[in-house]
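*Asks:* Coordinates in entry_30.tsv, TSV, C-alpha atoms, are listed below.
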```
chain	number	residue	atom	x	y	z
A	1	MET	CA	0.00	0.00	0.00
A	2	VAL	CA	2.80	2.39	0.94
A	3	ALA	CA	4.63	1.54	-2.31
A	4	GLY	CA	1.43	2.16	-4.27
A	5	ILE	CA	0.93	5.54	-2.68
A	6	ALA	CA	4.58	6.41	-3.29
A	7	VAL	CA	4.22	5.58	-7.00
A	8	ALA	CA	1.01	7.62	-7.22
A	9	VAL	CA	2.68	10.60	-5.53
A	10	GLY	CA	5.64	10.22	-7.87
A	11	PHE	CA	3.44	10.34	-10.97
A	12	ALA	CA	1.41	13.21	-9.59
A	13	LEU	CA	4.56	15.21	-8.92
A	14	LYS	CA	5.90	14.48	-12.39
A	15	ALA	CA	2.69	15.66	-14.03
A	16	PHE	CA	2.63	18.59	-11.66
A	17	ASN	CA	6.20	19.57	-12.49
A	18	GLU	CA	5.38	20.21	-16.13
A	19	ASN	CA	2.78	22.78	-15.16
A	20	LEU	CA	4.64	24.14	-12.23
A	21	MET	CA	6.64	26.94	-13.75
A	22	TYR	CA	4.23	29.72	-13.07
A	23	PHE	CA	5.65	32.08	-15.70
A	24	PHE	CA	8.18	32.45	-18.51
A	25	SER	CA	10.92	35.07	-18.45
A	26	THR	CA	11.41	37.67	-21.16
A	27	SER	CA	14.58	35.88	-22.34
A	28	ASP	CA	12.53	32.66	-22.76
A	29	VAL	CA	10.10	34.53	-25.00
A	30	LEU	CA	12.80	36.01	-27.23
A	31	ALA	CA	14.53	32.61	-27.42
A	32	GLY	CA	11.25	31.17	-28.75
A	33	LYS	CA	10.67	28.90	-25.73
A	34	ALA	CA	7.25	30.35	-24.96
A	35	PRO	CA	4.18	28.86	-26.68
A	36	LYS	CA	2.78	30.63	-29.75
A	37	GLU	CA	-0.91	31.30	-30.39
A	38	THR	CA	-1.84	30.30	-26.89
A	39	LEU	CA	-2.09	31.96	-23.50
A	40	PHE	CA	0.92	31.88	-21.24
A	41	ARG	CA	2.30	33.93	-18.37
A	42	LEU	CA	5.18	36.33	-18.69
A	43	GLY	CA	7.06	37.57	-15.64
A	44	GLY	CA	9.56	40.40	-15.28
A	45	MET	CA	10.32	43.86	-13.99
A	46	VAL	CA	8.58	46.90	-15.44
A	47	VAL	CA	11.32	48.96	-17.11
A	48	LYS	CA	11.63	52.42	-15.53
A	49	GLY	CA	10.27	55.15	-17.76
A	50	SER	CA	8.67	52.72	-20.21
A	51	VAL	CA	5.04	53.00	-19.04
A	52	GLU	CA	2.92	54.98	-21.49
A	53	ARG	CA	-0.74	55.38	-22.36
A	54	PRO	CA	-0.67	55.94	-26.13
A	55	ASP	CA	-4.40	56.60	-26.68
A	56	LYS	CA	-4.94	58.42	-23.37
A	57	GLY	CA	-7.34	55.60	-22.52
A	58	LEU	CA	-7.15	52.46	-20.44
A	59	MET	CA	-4.60	50.84	-22.74
A	60	VAL	CA	-1.16	50.78	-21.15
A	61	ARG	CA	2.04	49.93	-22.94
A	62	PHE	CA	5.22	49.10	-21.05
A	63	LYS	CA	8.38	47.08	-21.33
A	64	LEU	CA	9.19	44.07	-19.16
A	65	THR	CA	12.74	42.97	-18.52
A	66	ASP	CA	14.68	40.21	-16.78
A	67	PHE	CA	17.74	42.52	-16.93
A	68	SER	CA	18.98	40.95	-20.15
A	69	LYS	CA	16.11	41.07	-22.68
A	70	ASP	CA	13.02	43.31	-22.98
A	71	VAL	CA	9.53	42.47	-24.19
A	72	THR	CA	6.85	45.07	-24.91
A	73	VAL	CA	3.50	44.44	-23.23
A	74	GLU	CA	0.11	45.97	-23.96
A	75	TYR	CA	-2.73	45.76	-21.48
A	76	THR	CA	-6.22	47.24	-21.36
A	77	GLY	CA	-7.78	47.32	-17.91
A	78	ILE	CA	-7.26	48.24	-14.31
A	79	LEU	CA	-3.79	47.62	-12.91
A	80	PRO	CA	-3.25	46.27	-9.35
A	81	ASP	CA	-2.19	48.64	-6.55
A	82	LEU	CA	1.40	47.53	-6.57
A	83	PHE	CA	1.91	48.05	-10.30
A	84	ARG	CA	4.63	50.65	-10.75
A	85	GLU	CA	7.86	51.14	-12.61
A	86	GLY	CA	10.65	48.93	-11.30
A	87	GLN	CA	8.11	46.48	-9.83
A	88	GLY	CA	7.98	42.78	-10.66
A	89	ILE	CA	4.77	41.68	-12.40
A	90	VAL	CA	3.30	38.58	-14.00
A	91	ALA	CA	1.10	39.10	-17.09
A	92	ASN	CA	-1.19	36.49	-18.66
A	93	GLY	CA	-1.74	36.78	-22.39
A	94	LYS	CA	-0.30	35.87	-25.78
A	95	LEU	CA	2.18	37.12	-28.33
A	96	ASP	CA	0.78	38.80	-31.43
A	97	SER	CA	2.37	38.91	-34.89
A	98	ARG	CA	4.32	42.07	-33.99
A	99	GLY	CA	6.05	40.24	-31.13
A	100	VAL	CA	4.13	42.35	-28.63
A	101	PHE	CA	2.73	40.51	-25.62
A	102	VAL	CA	-0.97	41.34	-25.36
A	103	ALA	CA	-1.95	40.80	-21.73
A	104	GLU	CA	-5.43	39.87	-20.55
A	105	GLU	CA	-4.49	40.00	-16.89
A	106	VAL	CA	-1.69	41.73	-15.00
A	107	LEU	CA	-0.67	40.56	-11.51
A	108	ALA	CA	1.82	42.41	-9.35
A	109	LYS	CA	4.51	40.37	-7.66
A	110	HIS	CA	5.98	41.86	-4.54
A	111	ASP	CA	9.24	41.02	-2.83
A	112	GLU	CA	9.80	39.52	0.62
A	113	ASN	CA	11.11	42.76	2.15
A	114	TYR	CA	9.09	44.64	4.73
A	115	MET	CA	10.28	47.93	6.23
A	116	PRO	CA	8.95	51.33	7.26
A	117	PRO	CA	9.04	54.07	4.57
A	118	GLU	CA	11.70	56.04	6.50
A	119	VAL	CA	14.07	53.05	6.42
A	120	LYS	CA	13.49	52.65	2.70
A	121	ALA	CA	14.22	56.36	2.17
A	122	SER	CA	17.47	56.22	4.13
A	123	LEU	CA	18.54	53.05	2.30
A	124	LYS	CA	17.91	54.82	-0.98
A	125	LYS	CA	19.95	57.80	0.18
A	126	GLN	CA	22.87	55.56	1.07
A	127	VAL	CA	22.81	53.99	-2.38
A	128	GLU	CA	22.73	57.40	-4.02
A	129	GLN	CA	25.68	58.64	-1.99
A	130	GLN	CA	27.90	55.76	-3.06
B	1	MET	CA	12.58	1.34	25.11
B	2	PHE	CA	15.24	-0.60	26.99
B	3	LEU	CA	18.06	1.64	25.79
B	4	ILE	CA	16.60	4.76	27.40
B	5	PRO	CA	17.98	5.70	30.87
B	6	GLU	CA	15.74	4.75	33.76
B	7	PRO	CA	14.53	8.21	35.01
B	8	ILE	CA	13.70	9.52	31.51
B	9	GLY	CA	11.97	6.28	30.70
B	10	ARG	CA	9.92	6.58	33.87
B	11	PHE	CA	8.93	10.18	33.06
B	12	PHE	CA	7.64	9.21	29.62
B	13	HIS	CA	6.02	6.13	30.99
B	14	ARG	CA	4.12	8.23	33.49
B	15	LEU	CA	3.27	10.84	30.84
B	16	ALA	CA	1.95	8.12	28.56
B	17	SER	CA	-0.35	6.82	31.26
B	18	PRO	CA	-3.83	8.20	30.53
B	19	PRO	CA	-4.92	9.17	34.10
B	20	HIS	CA	-1.63	10.95	34.74
B	21	PHE	CA	-1.87	12.80	31.40
B	22	TYR	CA	-5.45	13.82	32.16
B	23	ALA	CA	-4.54	15.25	35.56
B	24	LEU	CA	-1.42	16.98	34.21
B	25	THR	CA	-3.26	18.76	31.38
B	26	ASN	CA	-5.93	19.93	33.82
B	27	ARG	CA	-3.25	21.47	36.02
B	28	LEU	CA	-1.35	23.06	33.10
B	29	MET	CA	-4.38	24.50	31.32
B	30	PRO	CA	-4.81	27.83	33.23
B	31	TRP	CA	-1.10	28.61	32.76
B	32	LEU	CA	-1.23	27.83	29.06
B	33	VAL	CA	-4.31	30.00	28.57
B	34	ALA	CA	-2.74	32.90	30.51
B	35	LEU	CA	0.48	32.75	28.47
B	36	PHE	CA	-1.51	32.50	25.24
B	37	LEU	CA	-3.58	35.59	26.07
B	38	ILE	CA	-0.53	37.65	27.08
B	39	LEU	CA	1.31	36.73	23.88
B	40	LEU	CA	-1.76	37.26	21.70
B	41	ILE	CA	-2.57	40.69	23.11
B	42	SER	CA	1.03	41.94	22.98
B	43	GLY	CA	1.40	40.53	19.46
B	44	LEU	CA	-1.79	42.18	18.23
B	45	VAL	CA	-1.04	45.54	19.84
B	46	GLY	CA	2.51	45.39	18.46
B	47	GLY	CA	1.42	44.34	15.00
B	48	LEU	CA	-1.69	46.41	14.45
B	49	TYR	CA	-0.81	49.53	16.43
B	50	LEU	CA	2.90	49.91	17.23
B	51	ALA	CA	4.52	48.52	14.08
B	52	PRO	CA	5.08	51.09	11.29
B	53	ALA	CA	3.36	50.89	7.90
B	54	ASP	CA	5.24	49.17	5.09
B	55	TYR	CA	7.08	51.26	2.48
B	56	GLN	CA	5.29	49.55	-0.37
B	57	GLN	CA	2.06	48.01	0.88
B	58	GLY	CA	1.15	50.61	3.51
B	59	ASP	CA	-1.15	49.30	6.22
B	60	SER	CA	-2.42	46.39	4.11
B	61	TYR	CA	0.65	44.35	4.98
B	62	ARG	CA	-0.60	43.99	8.59
B	63	ILE	CA	-2.54	40.86	7.61
B	64	ILE	CA	0.94	39.28	7.75
B	65	TYR	CA	0.44	39.00	11.53
B	66	ILE	CA	-2.30	36.42	10.97
B	67	HIS	CA	-1.34	34.96	7.61
B	68	VAL	CA	2.30	34.08	8.25
B	69	PRO	CA	1.93	32.56	11.77
B	70	ALA	CA	-1.08	30.55	10.54
B	71	ALA	CA	0.92	29.26	7.57
B	72	TRP	CA	3.84	28.33	9.83
B	73	MET	CA	1.45	26.53	12.15
B	74	SER	CA	-0.09	24.59	9.26
B	75	LEU	CA	3.35	23.07	8.57
B	76	PHE	CA	4.39	22.74	12.21
B	77	ILE	CA	1.20	20.95	13.28
B	78	TYR	CA	1.47	18.59	10.33
B	79	MET	CA	4.96	17.60	11.46
B	80	MET	CA	3.74	17.15	15.05
B	81	MET	CA	0.88	14.99	13.79
B	82	ALA	CA	3.20	12.84	11.66
B	83	ILE	CA	5.76	12.44	14.47
B	84	ALA	CA	3.07	11.55	17.03
B	85	GLY	CA	1.56	9.15	14.49
B	86	ALA	CA	4.92	7.48	13.95
B	87	ILE	CA	5.49	7.13	17.71
B	88	GLY	CA	2.04	5.57	18.04
B	89	LEU	CA	2.76	3.24	15.14
B	90	ILE	CA	6.17	2.10	16.40
B	91	TRP	CA	5.73	1.92	20.18
B	92	ARG	CA	1.94	1.44	20.28
B	93	ILE	CA	1.52	4.34	22.69
B	94	LYS	CA	-2.16	5.17	22.85
B	95	LEU	CA	-1.51	8.73	23.93
B	96	ALA	CA	0.65	9.42	20.86
B	97	GLU	CA	-2.19	8.19	18.63
B	98	ILE	CA	-4.54	10.54	20.43
B	99	VAL	CA	-2.18	13.52	20.10
B	100	ALA	CA	-1.86	12.79	16.36
B	101	ILE	CA	-5.59	12.72	15.66
B	102	SER	CA	-6.30	15.64	18.01
B	103	SER	CA	-3.80	17.78	16.06
B	104	ALA	CA	-5.52	17.27	12.71
B	105	PRO	CA	-8.56	19.60	13.09
B	106	VAL	CA	-6.38	22.35	14.62
B	107	GLY	CA	-3.91	22.05	11.74
B	108	ALA	CA	-6.72	22.05	9.19
B	109	ALA	CA	-8.14	25.23	10.75
B	110	PHE	CA	-4.75	27.01	10.56
B	111	THR	CA	-4.28	25.88	6.96
B	112	PHE	CA	-7.72	27.24	6.11
B	113	ILE	CA	-6.92	30.55	7.83
B	114	ALA	CA	-3.62	30.80	5.93
B	115	LEU	CA	-5.40	30.20	2.62
B	116	VAL	CA	-8.23	32.66	3.32
B	117	THR	CA	-6.02	35.47	4.64
B	118	GLY	CA	-3.62	34.88	1.76
B	119	SER	CA	-6.49	35.24	-0.66
B	120	LEU	CA	-7.69	38.45	1.01
B	121	TRP	CA	-4.14	39.78	0.84
B	122	GLY	CA	-3.64	38.67	-2.76
B	123	LYS	CA	-6.59	40.56	-4.18
B	124	PRO	CA	-5.41	44.11	-3.42
B	125	MET	CA	-1.68	43.43	-3.79
B	126	TRP	CA	-1.33	40.95	-6.64
B	127	GLY	CA	-4.66	41.70	-8.30
B	128	THR	CA	-6.14	38.22	-7.87
B	129	TRP	CA	-7.79	36.09	-5.17
B	130	TRP	CA	-6.16	32.89	-6.29
B	131	VAL	CA	-3.57	31.59	-8.72
B	132	TRP	CA	-2.47	28.00	-9.26
B	133	ASP	CA	1.16	28.63	-8.48
B	134	ALA	CA	3.27	26.06	-6.65
B	135	ARG	CA	3.03	27.66	-3.17
B	136	LEU	CA	-0.72	28.14	-3.18
B	137	THR	CA	-1.43	24.75	-4.75
B	138	SER	CA	0.79	22.81	-2.35
B	139	GLU	CA	-0.78	24.60	0.64
B	140	LEU	CA	-4.24	23.62	-0.69
B	141	ILE	CA	-3.04	20.01	-0.95
B	142	LEU	CA	-2.00	20.28	2.71
B	143	LEU	CA	-5.58	21.22	3.61
B	144	PHE	CA	-6.83	18.15	1.71
B	145	LEU	CA	-4.29	15.97	3.54
B	146	TYR	CA	-5.62	17.19	6.89
B	147	LEU	CA	-9.21	16.59	5.78
B	148	GLY	CA	-8.19	13.14	4.54
B	149	VAL	CA	-6.72	12.31	7.95
B	150	ILE	CA	-9.87	13.49	9.75
B	151	GLY	CA	-12.14	11.62	7.33
B	152	LEU	CA	-10.15	8.40	7.45
B	153	TYR	CA	-10.14	8.38	11.25
B	154	GLY	CA	-13.89	8.91	11.34
B	155	ALA	CA	-14.54	6.24	8.73
B	156	ILE	CA	-12.98	3.36	10.69
B	157	ASP	CA	-14.88	2.21	13.75
B	158	ASP	CA	-12.05	0.43	15.52
B	159	LYS	CA	-9.97	3.34	16.76
B	160	LYS	CA	-6.78	1.25	17.03
B	161	THR	CA	-6.93	0.37	13.33
B	162	ALA	CA	-8.03	3.92	12.50
B	163	SER	CA	-4.98	5.36	14.28
B	164	LYS	CA	-2.65	3.10	12.32
B	165	ALA	CA	-4.23	4.05	8.99
B	166	VAL	CA	-4.14	7.74	9.88
B	167	ALA	CA	-0.48	7.56	10.94
B	168	ILE	CA	0.50	5.99	7.60
B	169	LEU	CA	-1.46	8.60	5.64
B	170	ALA	CA	0.12	11.41	7.69
B	171	LEU	CA	3.61	9.99	7.15
B	172	VAL	CA	3.15	9.68	3.38
B	173	GLY	CA	1.89	13.27	3.29
B	174	VAL	CA	5.08	14.54	4.93
B	175	VAL	CA	6.56	14.65	1.41
B	176	ASN	CA	4.42	17.77	0.86
B	177	ILE	CA	6.03	19.75	3.70
B	178	PRO	CA	9.41	20.50	2.07
B	179	ILE	CA	7.56	21.06	-1.21
B	180	ILE	CA	5.49	23.83	0.40
B	181	HIS	CA	8.48	25.42	2.08
B	182	TYR	CA	10.81	25.37	-0.92
B	183	SER	CA	8.17	25.88	-3.63
B	184	VAL	CA	9.01	29.57	-3.80
B	185	GLU	CA	12.67	28.73	-4.49
B	186	TRP	CA	12.33	25.70	-6.75
B	187	TRP	CA	9.77	27.16	-9.12
B	188	SER	CA	8.86	30.64	-10.28
B	189	THR	CA	5.80	31.50	-8.25
B	190	LEU	CA	3.64	34.56	-7.82
B	191	HIS	CA	4.11	34.17	-4.06
B	192	GLN	CA	7.30	35.89	-2.92
B	193	GLY	CA	10.22	34.12	-1.27
B	194	ALA	CA	10.71	33.50	2.44
B	195	THR	CA	11.10	36.57	4.66
B	196	VAL	CA	11.99	35.08	8.03
B	197	THR	CA	12.57	31.32	7.74
B	198	LYS	CA	15.79	31.34	5.76
B	199	MET	CA	19.50	31.07	6.48
B	200	ASP	CA	20.08	34.74	5.72
B	201	LYS	CA	19.08	37.65	7.97
B	202	PRO	CA	15.27	38.14	7.99
B	203	SER	CA	14.28	40.72	5.37
B	204	ILE	CA	11.75	42.41	7.62
B	205	HIS	CA	12.47	45.42	9.79
B	206	VAL	CA	12.98	44.50	13.45
B	207	SER	CA	10.05	46.70	14.58
B	208	MET	CA	7.77	44.57	12.39
B	209	LEU	CA	9.50	41.28	13.16
B	210	ILE	CA	9.01	41.29	16.95
B	211	PRO	CA	5.16	41.35	16.84
B	212	LEU	CA	5.29	38.68	14.12
B	213	LEU	CA	7.32	36.37	16.36
B	214	LEU	CA	5.02	37.11	19.32
B	215	MET	CA	2.02	36.14	17.20
B	216	ALA	CA	3.79	32.98	16.06
B	217	LEU	CA	4.44	32.03	19.68
B	218	ALA	CA	0.84	32.85	20.66
B	219	PHE	CA	-0.42	30.57	17.87
B	220	LYS	CA	1.85	27.78	19.14
B	221	PHE	CA	0.25	28.07	22.59
B	222	TYR	CA	-3.19	28.12	21.02
B	223	TYR	CA	-2.35	24.89	19.23
B	224	VAL	CA	-1.22	23.22	22.47
B	225	ILE	CA	-4.40	24.36	24.26
B	226	ALA	CA	-6.79	23.29	21.49
B	227	MET	CA	-4.96	20.01	20.89
B	228	LEU	CA	-4.92	19.09	24.60
B	229	GLN	CA	-8.62	19.85	24.99
B	230	ARG	CA	-9.43	17.60	22.05
B	231	ALA	CA	-7.01	14.96	23.32
B	232	LYS	CA	-8.72	14.90	26.73
B	233	LEU	CA	-12.10	14.31	25.13
B	234	GLU	CA	-10.76	11.66	22.79
B	235	LEU	CA	-9.04	9.97	25.73
B	236	LEU	CA	-12.23	9.83	27.79
B	237	GLN	CA	-14.13	8.37	24.85
B	238	ARG	CA	-11.53	5.70	24.16
B	239	GLU	CA	-11.04	4.81	27.83
B	240	ARG	CA	-14.69	4.99	28.81
B	241	THR	CA	-14.63	1.47	30.22
B	242	ALA	CA	-11.44	2.04	32.24
B	243	GLN	CA	-11.51	2.24	36.00
B	244	TRP	CA	-9.97	5.73	36.27
B	245	VAL	CA	-12.63	7.27	33.99
B	246	LYS	CA	-15.41	5.72	36.09
B	247	LYS	CA	-13.77	7.05	39.21
B	248	LEU	CA	-13.42	10.52	37.65
B	249	ILE	CA	-17.09	10.62	36.72
B	250	THR	CA	-18.35	9.42	40.09
B	251	GLU	CA	-16.08	11.92	41.84
B	252	GLN	CA	-17.49	14.78	39.76
B	253	THR	CA	-21.11	13.81	40.18
B	254	LEU	CA	-20.79	13.49	43.95
```
Take the structure from the file and write it as structure tokens.

*Replies:*
Amino acid sequence: MVAGIAVAVGFALKAFNENLMYFFSTSDVLAGKAPKETLFRLGGMVVKGSVERPDKGLMVRFKLTDFSKDVTVEYTGILPDLFREGQGIVANGKLDSRGVFVAEEVLAKHDENYMPPEVKASLKKQVEQQ
Amino acid sequence: MFLIPEPIGRFFHRLASPPHFYALTNRLMPWLVALFLILLISGLVGGLYLAPADYQQGDSYRIIYIHVPAAWMSLFIYMMMAIAGAIGLIWRIKLAEIVAISSAPVGAAFTFIALVTGSLWGKPMWGTWWVWDARLTSELILLFLYLGVIGLYGAIDDKKTASKAVAILALVGVVNIPIIHYSVEWWSTLHQGATVTKMDKPSIHVSMLIPLLLMALAFKFYYVIAMLQRAKLELLQRERTAQWVKKLITEQTL
């Protein structure tokens, strides 16, 4: 019985593993590893200064980066609270013929650091002084 | 059991004896409750009132003081349940079996709280209630494991056999515990990496960390209290024909 359960868990984990990468990186997309014509998730940092609203409407265009390659993303809708330049996000959508990632959903990913704003400000100051 | 030194062996032997355990928990209970309340109140005041707002998430991050201790407890209680189950399986100690099954509903409750508070936190911060990433999915599987343990125990009438079955299920499910903990490192997940439980220095400011640890300790005491109360009841039910239970009941009714 234990062996049977172990085998079942093994198979489940194997099947699970194939679906377990929650998102692709921008380098994966440019290397052609991401699926075409189908929805997938793209993760990366929003490039500073790249966020623009071309039609003055809800459509947002920005660049995502993994610090080696950039991918342009277009999204129409309401962005989460934590969406800002320099922030990590995960977008769900697909690539169009222009190589632009058209997102249907944008999720903000936050880091594991928690600190008061004053500490953040003084940390920033230290970095700037160096 | 023969390799253990005599006084330690005697202590555990006494602890494992149901009447002694029953009397001991009754004596400990007021102290446990007092410590729990002190820790809980200081943790809540520290977390909700004294701790500063976060630089990025503002006051919304304060749900961390429920979410993170509950998630830690969900893993901790599972390990306690599996260890107690193994002890019951190997040495046939009835009390270990009872501790294992009494832990399951408490663990399931903490897992549920971790999932719900995580969901409430995810909506404003990430933009979604739920995603099927590795951390969230493995934590959901943990909830199902707890429910499986509770269901299996209830489904078998003979509580000796039920305890054995439950212990084996709990031990097989232990494989999920490192998966939950390391999921954020092994796979790319929407959930962020570990803040406190890592080799490196915790990446949370000390003024926010202290209430978090107080809350974690308070939750540990809550687990001990809730588990012991359940264990007492389970013990009385299983031992209802024993002499000491009869004596206890006649003493109380007199």

*Asks:* Compute the set of chain A residues within 10 Å of chain B, using only C-alpha atoms, and express it as a ChimeraX atom specification.

*Replies:* /A:1-2,5-6,9,16-17,19-25,43,78-83,88-90,105-121

*Asks:* To one decimal place in Å, what is the distance between atom CA of Ser119 of chain B and atom CA of Tyr78 of chain B?

*Replies:*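 Between atom CA of Ser119 of chain B and atom CA of Tyr78 of chain B the gap works out to 21.5 Å.
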
*Asks:* Rounded to one decimal place, report the atom CA of Gly118 of chain B-atom CA of His67 of chain B distance in Å.

*Replies:*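 Result for atom CA of Gly118 of chain B versus atom CA of His67 of chain B: 6.3 Å, one decimal.
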
*Asks:* Would you compute the distance between atom CA of Ala218 of chain B and atom CA of Phe12 of chain B? Give it in Å to one decimal.

*Replies:*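 Between these atoms lies a distance of 26.2 Å.
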
*Asks:* Can you work out which one of A:Glu128, A:Asp66, A:Glu74, A:Glu104 has the shortest atom-to-atom distance to Ser27 of chain A, counting all atoms listed in the file?

*Replies:*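 With all atoms listed in the file as the atom set, the closest residue is A:Asp66.
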
*Asks:* Find, counting all atoms listed in the file, the residue in B:Leu24, B:Ala84, B:Ile179, B:Ala165 that gets nearest to Glu139 of chain B.

*Replies:*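 The shortest atom-to-atom distance to Glu139 of chain B comes from B:Ile179.
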
*Asks:* I'd like the neighbourhood of Lys63 of chain A as an MDAnalysis selection string, where a residue qualifies if any of its atoms comes within 9 Å (using all atoms listed in the file), though same-chain residues fewer than 2 positions away should be ignored.

*Replies:* chainID A and resid 45:48 50:51 61 65 70:74

*Asks:* Would you mind exporting the chosen residues as a PDB file, in the frame of the given file, restricted to C-alpha atoms?

*Replies:*
```pdb
ATOM      1  CA  MET A  45      10.320  43.860 -13.990  1.00  0.00           C
ATOM      2  CA  VAL A  46       8.580  46.900 -15.440  1.00  0.00           C
ATOM      3  CA  VAL A  47      11.320  48.960 -17.110  1.00  0.00           C
ATOM      4  CA  LYS A  48      11.630  52.420 -15.530  1.00  0.00           C
ATOM      5  CA  SER A  50       8.670  52.720 -20.210  1.00  0.00           C
ATOM      6  CA  VAL A  51       5.040  53.000 -19.040  1.00  0.00           C
ATOM      7  CA  ARG A  61       2.040  49.930 -22.940  1.00  0.00           C
ATOM      8  CA  THR A  65      12.740  42.970 -18.520  1.00  0.00           C
ATOM      9  CA  ASP A  70      13.020  43.310 -22.980  1.00  0.00           C
ATOM     10  CA  VAL A  71       9.530  42.470 -24.190  1.00  0.00           C
ATOM     11  CA  THR A  72       6.850  45.070 -24.910  1.00  0.00           C
ATOM     12  CA  VAL A  73       3.500  44.440 -23.230  1.00  0.00           C
ATOM     13  CA  GLU A  74       0.110  45.970 -23.960  1.00  0.00           C
TER      14      GLU A  74
END
```

*Asks:* So, with all atoms listed in the file as the atoms that count, which of B:Leu95, B:Leu35, B:Met79, B:Ile210 lies closest to Tyr65 of chain B?

*Replies:*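 For Tyr65 of chain B, the nearest of the given residues is B:Ile210.
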
*Asks:* Return the single residue from A:Met59, A:Lys94, A:Lys69, A:Phe11 that is closest to Leu30 of chain A, with distances computed using only C-alpha atoms.

*Replies:*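 Checking each of A:Met59, A:Lys94, A:Lys69, A:Phe11 against Leu30 of chain A, counting only C-alpha atoms, the winner is A:Lys69.
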
*Asks:* Identify which of the residues A:Val7, A:Val127, A:Ala31, A:Phe101 lies closest to Phe62 of chain A, counting only C-alpha atoms when measuring atom-to-atom distances.

*Replies:*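 When distances to Phe62 of chain A are compared using only C-alpha atoms, the smallest one comes from A:Phe101.
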
*Asks:* Could you name the residues that touch Thr38 of chain A at 12 Å or less, counting all atoms listed in the file, but leaving out those on the same chain fewer than 5 positions away, as JSON, numbers by chain?

*Replies:* {"A": [92, 93, 94, 95, 96, 101, 102, 103]}

*Asks:* Would you mind listing what lies within 7 Å of segment 214-216 of chain B as a PyMOL selection string, with all atoms listed in the file counted and same-chain residues fewer than 3 positions away left out?

*Replies:* chain B and resi 39-40+43+65+69+210-211+219-220
